[in-house]
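A.B. asks: Have a peek at input.cif (mmCIF, C-alpha atoms and all ligand atoms).
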data_model
#
loop_
_atom_site.label_atom_id
_atom_site.label_comp_id
_atom_site.auth_asym_id
_atom_site.auth_seq_id
_atom_site.Cartn_x
_atom_site.Cartn_y
_atom_site.Cartn_z
CA PHE D 1318 126.43 97.25 90.34
CA PHE D 1319 124.65 97.94 93.63
CA SER D 1320 122.73 100.88 92.21
CA ILE D 1321 121.57 98.71 89.29
CA LEU D 1322 120.56 96.04 91.78
CA PHE D 1323 118.72 98.66 93.87
CA PHE D 1324 116.96 99.97 90.76
CA TYR D 1325 115.64 96.55 89.84
CA ARG D 1326 114.86 95.53 93.40
CA TYR D 1327 112.98 98.66 94.46
CA MET D 1328 112.25 100.92 91.52
CA ARG D 1329 110.67 98.54 89.01
CA LEU D 1330 108.50 95.52 89.05
CA THR D 1331 110.64 92.54 88.17
CA GLU D 1332 109.33 90.53 85.21
CA GLU D 1333 108.69 87.66 87.60
CA ILE D 1334 106.47 89.74 89.92
CA ARG D 1335 104.75 91.38 86.97
CA LYS D 1336 103.81 87.97 85.56
CA LYS D 1337 102.65 86.77 88.96
CA LEU D 1338 100.44 89.83 89.44
CA LEU D 1339 98.98 89.73 85.94
CA GLY D 1340 98.17 86.03 86.42
CA PHE D 1341 96.36 86.61 89.72
CA SER D 1342 93.09 84.82 90.23
CA PRO D 1343 91.04 85.15 93.42
CA PRO D 1344 91.22 82.28 95.92
CA THR D 1345 88.27 79.93 95.44
CA ASP D 1346 87.69 79.26 99.16
CA ASN D 1347 86.00 82.66 99.57
CA PRO D 1348 82.26 82.58 98.97
CA VAL D 1349 81.44 84.96 96.11
CA MET D 1350 79.37 87.96 97.20
CA PRO D 1351 77.15 90.02 94.93
CA ALA D 1352 78.77 93.20 93.59
CA PRO D 1353 78.17 96.30 95.73
CA ASN D 1354 75.61 98.83 94.57
CA TYR D 1355 78.19 101.46 93.59
CA ALA D 1356 75.74 104.16 92.51
CA GLU D 1357 73.60 103.82 95.62
CA PHE D 1358 76.61 104.07 97.93
CA TYR D 1359 77.98 107.08 96.08
CA LYS D 1360 74.60 108.76 96.22
CA SER D 1361 74.35 108.01 99.95
CA LEU D 1362 77.60 109.97 100.38
CA GLY D 1363 75.99 112.92 98.57
CA ASN D 1364 77.84 112.40 95.24
CA PRO D 1365 81.02 113.99 96.63
CA SER D 1366 83.58 115.56 94.30
CA ARG D 1367 85.88 117.52 96.67
CA ILE D 1368 87.56 115.21 99.06
CA VAL D 1369 89.87 115.75 102.03
CA ALA D 1370 92.60 113.08 101.89
CA PRO D 1371 93.58 110.92 104.83
CA MET D 1372 96.51 112.60 106.58
CA VAL D 1373 98.26 111.24 109.66
CA ASP D 1374 98.15 113.84 112.46
CA ALA D 1375 96.47 116.32 110.11
CA SER D 1376 93.01 115.26 108.86
CA GLU D 1377 91.76 115.17 112.45
CA LEU D 1378 88.23 116.19 113.42
CA ALA D 1379 88.86 119.94 113.86
CA TYR D 1380 90.60 120.26 110.50
CA ARG D 1381 87.94 118.18 108.77
CA MET D 1382 85.27 120.50 110.16
CA LEU D 1383 87.19 123.52 108.88
CA ALA D 1384 87.56 122.01 105.40
CA ARG D 1385 83.87 121.04 105.34
CA LYS D 1386 82.98 124.66 106.06
CA TYR D 1387 84.88 125.65 102.92
CA GLY D 1388 83.51 123.21 100.39
CA ALA D 1389 84.90 119.76 101.18
CA ASP D 1390 82.09 117.27 100.73
CA LEU D 1391 83.74 114.08 101.98
CA CYS D 1392 86.58 113.56 104.46
CA TYR D 1393 88.87 110.69 105.38
CA THR D 1394 90.29 110.26 108.88
CA PRO D 1395 94.05 109.95 109.26
CA MET D 1396 95.36 106.42 108.77
CA LEU D 1397 94.75 104.44 111.95
CA HIS D 1398 96.93 101.49 112.85
CA SER D 1399 94.55 98.54 113.17
CA ARG D 1400 96.52 96.58 115.77
CA MET D 1401 97.04 99.60 118.01
CA PHE D 1402 93.42 100.60 117.53
CA CYS D 1403 92.33 97.20 118.86
CA THR D 1404 94.75 97.01 121.75
CA SER D 1405 95.07 100.54 123.13
CA ASP D 1406 92.15 102.56 124.50
CA MET D 1407 94.46 105.55 124.67
CA TYR D 1408 95.40 105.28 120.98
CA ARG D 1409 91.73 105.00 120.02
CA GLU D 1410 90.67 107.99 122.10
CA LYS D 1411 93.56 110.12 120.91
CA HIS D 1412 93.32 109.35 117.21
CA PHE D 1413 89.66 108.80 116.46
CA THR D 1414 87.13 111.45 117.36
CA THR D 1415 84.07 112.49 115.43
CA CYS D 1416 80.83 114.42 115.88
CA ALA D 1417 77.39 114.67 114.31
CA GLY D 1418 78.46 117.20 111.67
CA ASP D 1419 81.47 115.12 110.64
CA ARG D 1420 79.74 113.22 107.83
CA PRO D 1421 80.13 111.81 105.26
CA LEU D 1422 83.25 110.21 106.69
CA LEU D 1423 85.51 107.35 105.66
CA VAL D 1424 87.72 105.87 108.37
CA GLN D 1425 91.07 104.62 107.11
CA PHE D 1426 92.99 101.70 108.59
CA CYS D 1427 96.28 100.08 107.79
CA GLY D 1428 97.17 96.52 108.64
CA ASN D 1429 98.08 93.14 107.28
CA CYS D 1430 95.87 90.78 109.26
CA PRO D 1431 92.26 90.47 108.05
CA ARG D 1432 90.85 89.66 111.52
CA THR D 1433 92.71 92.56 113.18
CA VAL D 1434 91.63 95.10 110.56
CA LEU D 1435 88.08 93.81 110.97
CA GLU D 1436 88.24 94.01 114.76
CA ALA D 1437 89.48 97.61 114.52
CA ALA D 1438 86.84 98.55 111.95
CA LYS D 1439 84.09 97.13 114.17
CA PHE D 1440 84.81 99.90 116.69
CA VAL D 1441 83.91 102.60 114.17
CA GLU D 1442 81.34 101.06 111.84
CA GLY D 1443 78.51 102.86 113.63
CA SER D 1444 80.21 106.26 113.33
CA CYS D 1445 81.15 106.43 109.66
CA ASP D 1446 79.97 105.84 106.11
CA GLY D 1447 82.66 103.39 105.08
CA VAL D 1448 85.96 101.81 106.05
CA ASP D 1449 88.99 102.45 103.87
CA LEU D 1450 92.06 100.24 103.55
CA ASN D 1451 95.37 102.09 103.23
CA LEU D 1452 97.36 100.55 100.39
CA GLY D 1453 99.45 103.62 99.65
CA CYS D 1454 101.68 104.43 102.62
CA PRO D 1455 105.27 104.39 101.24
CA GLN D 1456 107.14 105.20 104.46
CA GLY D 1457 109.86 103.07 106.03
CA ILE D 1458 107.58 102.32 108.96
CA ALA D 1459 105.08 100.74 106.56
CA ARG D 1460 107.83 98.66 104.97
CA LYS D 1461 108.87 97.46 108.44
CA GLY D 1462 105.29 96.78 109.52
CA HIS D 1463 104.36 95.30 106.11
CA TYR D 1464 101.33 97.44 105.39
CA GLY D 1465 100.26 100.27 103.08
CA SER D 1466 102.00 100.20 99.70
CA PHE D 1467 104.18 97.29 100.83
CA LEU D 1468 101.22 94.98 100.29
CA MET D 1469 101.31 95.80 96.57
CA GLU D 1470 103.02 92.50 95.76
CA ASP D 1471 100.71 90.44 97.98
CA TRP D 1472 97.32 90.51 96.30
CA ASN D 1473 96.11 87.36 98.08
CA LEU D 1474 96.47 89.17 101.39
CA ILE D 1475 94.78 92.36 100.15
CA TYR D 1476 91.97 90.27 98.69
CA SER D 1477 91.54 88.46 101.97
CA ILE D 1478 91.44 91.70 104.04
CA ILE D 1479 88.85 93.29 101.77
CA THR D 1480 86.60 90.24 101.50
CA THR D 1481 86.70 89.79 105.28
CA LEU D 1482 85.68 93.42 105.84
CA ARG D 1483 83.08 93.23 103.11
CA ARG D 1484 81.47 90.10 104.58
CA GLU D 1485 81.40 91.22 108.18
CA LEU D 1486 81.04 94.99 108.29
CA ALA D 1487 77.79 96.93 108.27
CA VAL D 1488 79.34 99.63 106.06
CA PRO D 1489 80.95 99.49 102.59
CA VAL D 1490 84.68 98.98 102.11
CA THR D 1491 86.87 101.33 100.07
CA ALA D 1492 90.58 101.46 99.23
CA LYS D 1493 93.24 104.08 98.57
CA ILE D 1494 96.08 103.00 96.33
CA ARG D 1495 99.22 104.18 94.58
CA VAL D 1496 99.85 103.21 90.96
CA TYR D 1497 102.50 100.91 89.48
CA ASP D 1498 104.84 102.19 86.78
CA ASP D 1499 102.90 99.86 84.48
CA VAL D 1500 99.36 100.53 83.22
CA ASP D 1501 98.42 96.87 82.72
CA VAL D 1502 99.44 95.88 86.24
CA THR D 1503 97.64 98.93 87.68
CA ILE D 1504 94.45 97.96 85.86
CA ALA D 1505 94.79 94.32 86.95
CA TYR D 1506 95.31 95.59 90.51
CA VAL D 1507 92.10 97.61 90.46
CA ASN D 1508 90.31 94.64 88.90
CA MET D 1509 91.41 92.51 91.86
CA LEU D 1510 90.11 95.17 94.29
CA VAL D 1511 86.79 95.28 92.43
CA GLN D 1512 86.51 91.48 92.57
CA ALA D 1513 87.22 91.63 96.29
CA GLY D 1514 84.28 94.01 96.68
CA ILE D 1515 85.42 97.62 97.15
CA SER D 1516 82.65 100.18 96.70
CA LEU D 1517 84.89 103.16 95.90
CA LEU D 1518 88.55 103.83 95.13
CA ALA D 1519 90.97 106.72 95.63
CA ILE D 1520 94.00 106.64 93.32
CA HIS D 1521 97.13 108.58 94.15
CA GLY D 1522 98.79 108.91 90.75
CA ARG D 1523 102.31 108.33 92.04
CA THR D 1524 104.22 105.09 92.46
CA ARG D 1525 105.47 103.79 95.80
CA GLU D 1526 108.94 105.08 95.00
CA MET D 1527 107.74 108.66 94.39
CA LYS D 1528 108.25 110.18 97.83
CA GLY D 1529 110.52 112.70 99.55
CA CYS D 1530 112.77 114.37 96.99
CA GLU D 1531 111.60 111.83 94.38
CA THR D 1532 107.94 112.91 94.73
CA GLY D 1533 107.52 114.47 91.28
CA LEU D 1534 104.20 114.97 89.54
CA ALA D 1535 101.24 112.63 89.84
CA ASP D 1536 100.22 110.85 86.64
CA TRP D 1537 96.63 111.80 85.76
CA GLU D 1538 96.79 109.81 82.52
CA ILE D 1539 97.07 106.45 84.28
CA ILE D 1540 94.17 107.46 86.53
CA ARG D 1541 92.12 108.30 83.42
CA LYS D 1542 92.86 104.86 81.97
CA VAL D 1543 91.69 103.17 85.16
CA LYS D 1544 88.47 105.20 85.24
CA GLU D 1545 87.87 104.42 81.57
CA ARG D 1546 88.23 100.69 82.30
CA PHE D 1547 85.98 100.79 85.44
CA PRO D 1548 83.34 103.42 84.65
CA PHE D 1549 80.88 101.97 87.19
CA LEU D 1550 83.30 102.35 90.13
CA PRO D 1551 83.35 105.74 91.91
CA ILE D 1552 86.98 106.90 91.68
CA PHE D 1553 88.77 109.90 93.19
CA ALA D 1554 91.91 111.24 91.55
CA ASN D 1555 94.64 112.28 93.95
CA GLY D 1556 97.84 114.24 93.34
CA ASN D 1557 98.66 117.69 91.87
CA ILE D 1558 95.55 119.41 93.26
CA LEU D 1559 97.22 122.60 94.41
CA CYS D 1560 94.56 125.25 93.89
CA TYR D 1561 90.89 125.73 93.07
CA ASP D 1562 91.39 125.71 89.29
CA ASP D 1563 93.09 122.30 89.48
CA ILE D 1564 89.78 120.72 90.50
CA GLU D 1565 88.20 121.19 87.10
CA LYS D 1566 91.45 120.50 85.25
CA CYS D 1567 91.82 117.17 87.01
CA MET D 1568 88.16 116.19 86.57
CA ASN D 1569 88.44 116.92 82.84
CA ALA D 1570 91.73 115.09 82.47
CA THR D 1571 90.82 111.97 84.44
CA LYS D 1572 87.00 111.86 84.10
CA CYS D 1573 86.95 110.79 87.73
CA ASP D 1574 84.03 111.35 90.07
CA GLY D 1575 85.98 113.58 92.40
CA VAL D 1576 89.36 114.97 93.32
CA MET D 1577 91.22 114.43 96.56
CA SER D 1578 93.71 116.88 98.00
CA ALA D 1579 96.13 116.58 100.91
CA GLU D 1580 99.12 118.84 101.38
CA ALA D 1581 97.72 121.91 99.63
CA LEU D 1582 94.71 121.88 101.94
CA LEU D 1583 97.01 122.27 104.92
CA TYR D 1584 98.13 125.66 103.61
CA ASP D 1585 94.74 126.71 102.37
CA PRO D 1586 91.77 124.90 103.92
CA ARG D 1587 89.52 126.96 101.63
CA LEU D 1588 91.05 125.34 98.54
CA PHE D 1589 87.75 123.68 97.57
CA SER D 1590 85.88 126.97 97.73
CA PRO D 1591 85.91 129.59 94.96
CA VAL D 1592 86.84 132.18 97.63
CA SER D 1593 90.35 130.69 97.62
CA LYS D 1594 90.84 131.85 94.03
CA ARG D 1595 91.29 135.45 95.06
CA LEU D 1596 94.53 135.05 96.95
CA GLY D 1597 95.59 131.71 95.50
CA LEU D 1598 97.46 130.93 98.68
CA LEU D 1599 99.07 127.70 97.68
CA ASN D 1600 99.81 128.69 94.14
CA SER D 1601 102.04 131.33 95.55
CA ARG D 1602 103.76 128.85 97.88
CA VAL D 1603 104.74 126.82 94.88
CA TYR D 1604 105.71 129.60 92.52
CA LYS D 1605 106.54 132.70 94.55
CA LYS D 1606 106.19 134.40 97.90
CA LEU D 1607 102.88 136.28 98.15
CA PRO D 1608 103.29 140.03 98.68
CA LEU D 1609 102.39 141.15 102.17
CA THR D 1610 99.06 142.95 102.01
CA GLN D 1611 96.34 143.81 104.51
CA GLU D 1612 94.07 141.30 102.79
CA LEU D 1613 96.65 138.53 103.17
CA ILE D 1614 97.07 139.35 106.85
CA ASP D 1615 93.29 139.39 107.40
CA VAL D 1616 92.62 136.12 105.56
CA VAL D 1617 95.48 134.16 107.09
CA THR D 1618 94.77 135.28 110.64
CA SER D 1619 91.02 134.81 110.41
CA ILE D 1620 91.44 131.22 109.12
CA SER D 1621 93.92 130.58 111.91
CA TYR D 1622 91.46 131.83 114.54
CA GLU D 1623 88.67 129.80 112.97
CA TYR D 1624 90.78 126.66 113.17
CA LEU D 1625 91.78 127.37 116.78
CA ASP D 1626 88.11 127.74 117.75
CA LEU D 1627 87.37 124.35 116.20
CA ALA D 1628 90.46 122.80 117.78
CA GLU D 1629 89.27 124.03 121.18
CA GLU D 1630 85.70 122.87 120.60
CA HIS D 1631 86.82 119.40 119.51
CA GLN D 1632 89.71 119.09 121.95
CA ALA D 1633 92.33 118.49 119.30
CA VAL D 1634 95.74 117.10 120.26
CA PHE D 1635 97.99 120.10 120.99
CA GLY D 1636 100.89 118.84 118.86
CA HIS D 1637 98.61 118.46 115.84
CA VAL D 1638 97.18 121.95 116.35
CA LYS D 1639 100.61 123.50 116.54
CA ALA D 1640 101.75 121.72 113.37
CA HIS D 1641 98.67 123.10 111.60
CA MET D 1642 99.47 126.63 112.77
CA PHE D 1643 102.88 126.62 111.07
CA LYS D 1644 101.19 125.80 107.77
CA LEU D 1645 98.17 128.08 108.17
CA LEU D 1646 100.45 131.01 109.06
CA TYR D 1647 103.03 130.13 106.41
CA HIS D 1648 102.35 133.20 104.28
CA LEU D 1649 102.95 135.60 107.14
CA LEU D 1650 105.88 133.69 108.61
CA SER D 1651 107.59 133.67 105.22
CA HIS D 1652 107.85 137.48 105.48
CA GLN D 1653 109.22 137.40 109.02
CA PRO D 1654 110.92 134.03 109.55
CA GLU D 1655 112.07 135.08 113.03
CA LEU D 1656 108.43 134.83 114.17
CA ARG D 1657 108.55 131.06 113.66
CA GLU D 1658 110.50 130.87 116.90
CA GLU D 1659 107.65 132.63 118.75
CA LEU D 1660 105.23 129.99 117.52
CA ASN D 1661 107.70 127.25 118.26
CA SER D 1662 108.01 128.40 121.86
CA VAL D 1663 104.33 127.75 122.59
CA HIS D 1664 104.90 124.41 124.29
CA GLU D 1665 102.72 121.44 125.09
CA GLU D 1666 101.91 122.61 128.63
CA LYS D 1667 100.42 125.78 127.16
CA SER D 1668 97.01 125.91 125.59
CA ILE D 1669 94.91 127.11 122.68
CA PRO D 1670 94.53 130.62 124.21
CA ASP D 1671 98.36 130.85 124.11
CA LEU D 1672 98.29 129.98 120.42
CA ARG D 1673 95.59 132.59 119.89
CA ALA D 1674 97.79 135.18 121.59
CA CYS D 1675 100.66 134.12 119.35
CA VAL D 1676 98.49 134.61 116.24
CA ALA D 1677 97.53 138.09 117.52
CA MET D 1678 101.21 138.94 117.98
CA ILE D 1679 102.10 137.64 114.48
CA ARG D 1680 99.22 139.67 113.10
CA SER D 1681 100.29 142.91 114.74
CA LYS D 1682 103.95 142.43 113.74
CA SER D 1683 102.82 141.74 110.17
CA VAL D 1684 100.77 144.94 110.18
CA VAL D 1685 103.82 146.89 111.37
CA ALA D 1686 105.97 145.24 108.68
CA LEU D 1687 103.36 146.13 106.08
CA ARG D 1688 103.27 149.73 107.23
CA GLU D 1689 107.06 149.95 107.21
CA SER D 1690 107.30 148.39 103.77
CA GLY D 1691 104.73 150.97 102.60
CA VAL D 1692 106.93 153.74 104.01
CA THR D 1693 110.02 152.21 102.40
CA GLN D 1694 108.22 151.91 99.09
CA GLN D 1695 107.04 155.49 99.41
CA GLU D 1696 110.62 156.66 100.13
CA HIS D 1697 111.87 154.60 97.21
CA ILE D 1698 109.30 156.18 94.89
CA SER D 1699 110.13 159.72 96.01
CA LYS D 1700 113.91 159.06 95.60
CA GLU D 1701 113.23 157.74 92.10
CA SER D 1702 111.17 160.79 91.23
CA ILE D 1703 114.02 163.04 92.46
CA ILE D 1704 116.48 161.18 90.20
CA VAL D 1705 114.08 161.58 87.26
C1 LIG D 1801 100.81 115.23 106.26
C2 LIG D 1801 100.38 114.09 105.39
C3 LIG D 1801 99.88 112.93 105.97
C4 LIG D 1801 99.43 111.88 105.16
N1 LIG D 1801 98.86 110.78 105.75
C5 LIG D 1801 98.24 109.84 104.96
C6 LIG D 1801 97.43 108.84 105.54
O1 LIG D 1801 97.23 108.79 106.75
N2 LIG D 1801 96.86 107.92 104.70
C7 LIG D 1801 97.02 107.98 103.34
O2 LIG D 1801 96.45 107.15 102.63
N3 LIG D 1801 97.77 108.94 102.78
C8 LIG D 1801 98.35 109.88 103.55
N4 LIG D 1801 99.03 110.91 102.98
C9 LIG D 1801 99.09 110.99 101.52
C10 LIG D 1801 97.92 111.84 101.01
O3 LIG D 1801 96.68 111.32 101.40
C11 LIG D 1801 97.98 111.98 99.49
O4 LIG D 1801 97.79 110.73 98.90
C12 LIG D 1801 99.30 112.56 99.00
O5 LIG D 1801 99.79 113.58 99.84
C13 LIG D 1801 99.13 113.12 97.59
O6 LIG D 1801 98.19 114.15 97.58
P1 LIG D 1801 98.61 115.70 97.49
O7 LIG D 1801 99.46 115.80 96.25
O8 LIG D 1801 97.33 116.44 97.38
O9 LIG D 1801 99.39 116.04 98.72
C14 LIG D 1801 99.52 111.97 103.75
C15 LIG D 1801 100.04 113.13 103.18
C16 LIG D 1801 100.45 114.19 103.98
C17 LIG D 1801 100.99 115.44 103.33
#
Kindly transcribe the structure held in the file into structure tokens.
C.D. replies:
Amino acid sequence: FFSILFFYRYMRLTEEIRKKLLGFSPPTDNPVMPAPNYAEFYKSLGNPSRIVAPMVDASELAYRMLARKYGADLCYTPMLHSRMFCTSDMYREKHFTTCAGDRPLLVQFCGNCPRTVLEAAKFVEGSCDGVDLNLGCPQGIARKGHYGSFLMEDWNLIYSIITTLRRELAVPVTAKIRVYDDVDVTIAYVNMLVQAGISLLAIHGRTREMKGCETGLADWEIIRKVKERFPFLPIFANGNILCYDDIEKCMNATKCDGVMSAEALLYDPRLFSPVSKRLGLLNSRVYKKLPLTQELIDVVTSISYEYLDLAEEHQAVFGHVKAHMFKLLYHLLSHQPELREELNSVHEEKSIPDLRACVAMIRSKSVVALRESGVTQQEHISKESIIV
């Protein structure tokens, strides 16, 4: 009984909510504003098609700069908490940094109070190309704080946040959403966002419930239907972009203006560049362990050094840098899992040079392992030839 109750409470729209959402009409007390100039805004961003997703603790300045170097043509900041952004100088300084080369840039906020989101956005409007509203966060903390995807049943509130930003900000407003398990409601949802005045939309083709071990595949078909219904609105498709070849596949399947990638970029920041095709780093993470080769060692360590240089230059938060290193070095650590402990032992009080030394150590141990595996293979071959 309880699991059925849970299913209907959390996994599906109830008929009552569905009807309410489909019958939504914008509040009449908001003065109607002219529609944004979608094409002009998109052009001002440089017609981007390869987009770095917002990622808490991961799409920070240094990583954005690395991804830009390898083909990303638009980046989002990590989600910033609007109330904390307004009230804590420390939070602002720690979580929002940018530089001249960090454009085009969309700054993402979460929140549930129009005035607070506006106040937060005012801090950054001079340093970005647009302000994005997070409507997709599915985590427990978002449920508790009533933001992200937990606003999906409260369209009046979403409408009010977006119209407030639209009226009072000097830059355009964008949104990033998840889909419903219902095409009609998803299309009505996007229609509401368009009426509220968004200039661009990113659609993650998973529902709010698709997270953790329930993540599953993103639905490109529902994204295609939305794009078909709103051809004038620049839309990015998000989900299932794991390697370079997925870019074209997704563009063809969804007819969207661009694709957005998150997790795969953490393992291969060159994902948007054709150079990533050669090793197919993430492909191999999903399907199989990549064989240890000199080329793999060279590529993985040189990207790691490149990132560390940027992290040093842009004074990245040490904890974020270290988390990146585990992912960037994944393909070497998977051959020698005991080396994870070495990386783990580089603590907060240490610095980027210590991480660089750790990469050098992982590199040299990988070279030794490669040489030894070559010897073993050689021995194996000669034993086989003796048997023959
Ligand atoms: C480490 C990490 C942090 C994330 N943080 C955010 C965030 O701050 N804002 C947001 O809208 N989505 C966030 N997401 C979700 C991604 O932007 C993206 O929608 C999701 O991961 C699906 O894309 P992918 O299949 O390419 O990973 C995060 C995802 C990851 C892996």
A.B. asks: How would you report the residues lying within 9 Å of ligand LIG 1801 (chain D), as a PyMOL selection string, if you count only C-alpha atoms and all ligand atoms?
C.D. replies: chain D and resi 1369-1376+1393-1397+1425-1427+1449-1455+1465+1492-1495+1519-1523+1534-1535+1555-1559+1577-1583
A.B. asks: Write the residues you've just listed into a file as a compact mmCIF listing (two decimals), in the frame of the given file, and include C-alpha atoms for each of them.
C.D. replies:
# COMPACT_ATOMS: atom_id res chain seq x y z
CA VAL D 1369 89.87 115.75 102.03
CA ALA D 1370 92.60 113.08 101.89
CA PRO D 1371 93.58 110.92 104.83
CA MET D 1372 96.51 112.60 106.58
CA VAL D 1373 98.26 111.24 109.66
CA ASP D 1374 98.15 113.84 112.46
CA ALA D 1375 96.47 116.32 110.11
CA SER D 1376 93.01 115.26 108.86
CA TYR D 1393 88.87 110.69 105.38
CA THR D 1394 90.29 110.26 108.88
CA PRO D 1395 94.05 109.95 109.26
CA MET D 1396 95.36 106.42 108.77
CA LEU D 1397 94.75 104.44 111.95
CA GLN D 1425 91.07 104.62 107.11
CA PHE D 1426 92.99 101.70 108.59
CA CYS D 1427 96.28 100.08 107.79
CA ASP D 1449 88.99 102.45 103.87
CA LEU D 1450 92.06 100.24 103.55
CA ASN D 1451 95.37 102.09 103.23
CA LEU D 1452 97.36 100.55 100.39
CA GLY D 1453 99.45 103.62 99.65
CA CYS D 1454 101.68 104.43 102.62
CA PRO D 1455 105.27 104.39 101.24
CA GLY D 1465 100.26 100.27 103.08
CA ALA D 1492 90.58 101.46 99.23
CA LYS D 1493 93.24 104.08 98.57
CA ILE D 1494 96.08 103.00 96.33
CA ARG D 1495 99.22 104.18 94.58
CA ALA D 1519 90.97 106.72 95.63
CA ILE D 1520 94.00 106.64 93.32
CA HIS D 1521 97.13 108.58 94.15
CA GLY D 1522 98.79 108.91 90.75
CA ARG D 1523 102.31 108.33 92.04
CA LEU D 1534 104.20 114.97 89.54
CA ALA D 1535 101.24 112.63 89.84
CA ASN D 1555 94.64 112.28 93.95
CA GLY D 1556 97.84 114.24 93.34
CA ASN D 1557 98.66 117.69 91.87
CA ILE D 1558 95.55 119.41 93.26
CA LEU D 1559 97.22 122.60 94.41
CA MET D 1577 91.22 114.43 96.56
CA SER D 1578 93.71 116.88 98.00
CA ALA D 1579 96.13 116.58 100.91
CA GLU D 1580 99.12 118.84 101.38
CA ALA D 1581 97.72 121.91 99.63
CA LEU D 1582 94.71 121.88 101.94
CA LEU D 1583 97.01 122.27 104.92
A.B. asks: CA of Asn1364 (chain D) to CA of Gly1575 (chain D): how many Å, to one decimal?
C.D. replies: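 Computing it gives 8.7 Å between the two atoms.
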A.B. asks: Skip Val1617 (chain D) itself and residues of its chain fewer than 3 positions away, then list as a list in words all residues within 9 Å of it, counting all atoms listed in the file.
C.D. replies: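 Here the qualifying residues turn out to be Asp1585, Glu1612, Leu1613, Ile1614, Ile1620, Ser1621, Tyr1622, Leu1645, Leu1646, Tyr1647, His1648, Leu1649 and Arg1680 of chain D.
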A.B. asks: Looking at D:Ala1437, D:Pro1489, D:Leu1339, D:Pro1548, which one is nearest to Asp1406 (chain D), with distances taken over all atoms listed in the file?
C.D. replies: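 Result for the nearest residue to Asp1406 (chain D): D:Ala1437.
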A.B. asks: Mind pulling up the distance from CA of Arg1381 (chain D) to CA of Asp1446 (chain D)?
C.D. replies: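 Separation of CA of Asp1446 (chain D) and CA of Arg1381 (chain D): 14.9 Å.
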A.B. asks: What is the distance between CA of Arg1385 (chain D) and CA of Arg1541 (chain D), in Å to one decimal?
C.D. replies: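 Separation between CA of Arg1385 (chain D) and CA of Arg1541 (chain D): 26.7 Å.
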A.B. asks: Select, from D:Ser1619, D:Phe1341, D:Gly1514, D:Glu1377, the residue with the minimum atom-to-atom distance to Gly1636 (chain D), counting all atoms listed in the file.
C.D. replies: D:Glu1377
A.B. asks: At a cut-off of 10 Å, using only C-alpha atoms, what residues contact Thr1415 (chain D)? Leave out same-chain residues fewer than 6 positions from it and give the result as a PyMOL selection string.
C.D. replies: chain D and resi 1377-1379+1381-1382+1394+1422+1441+1444-1445+1631
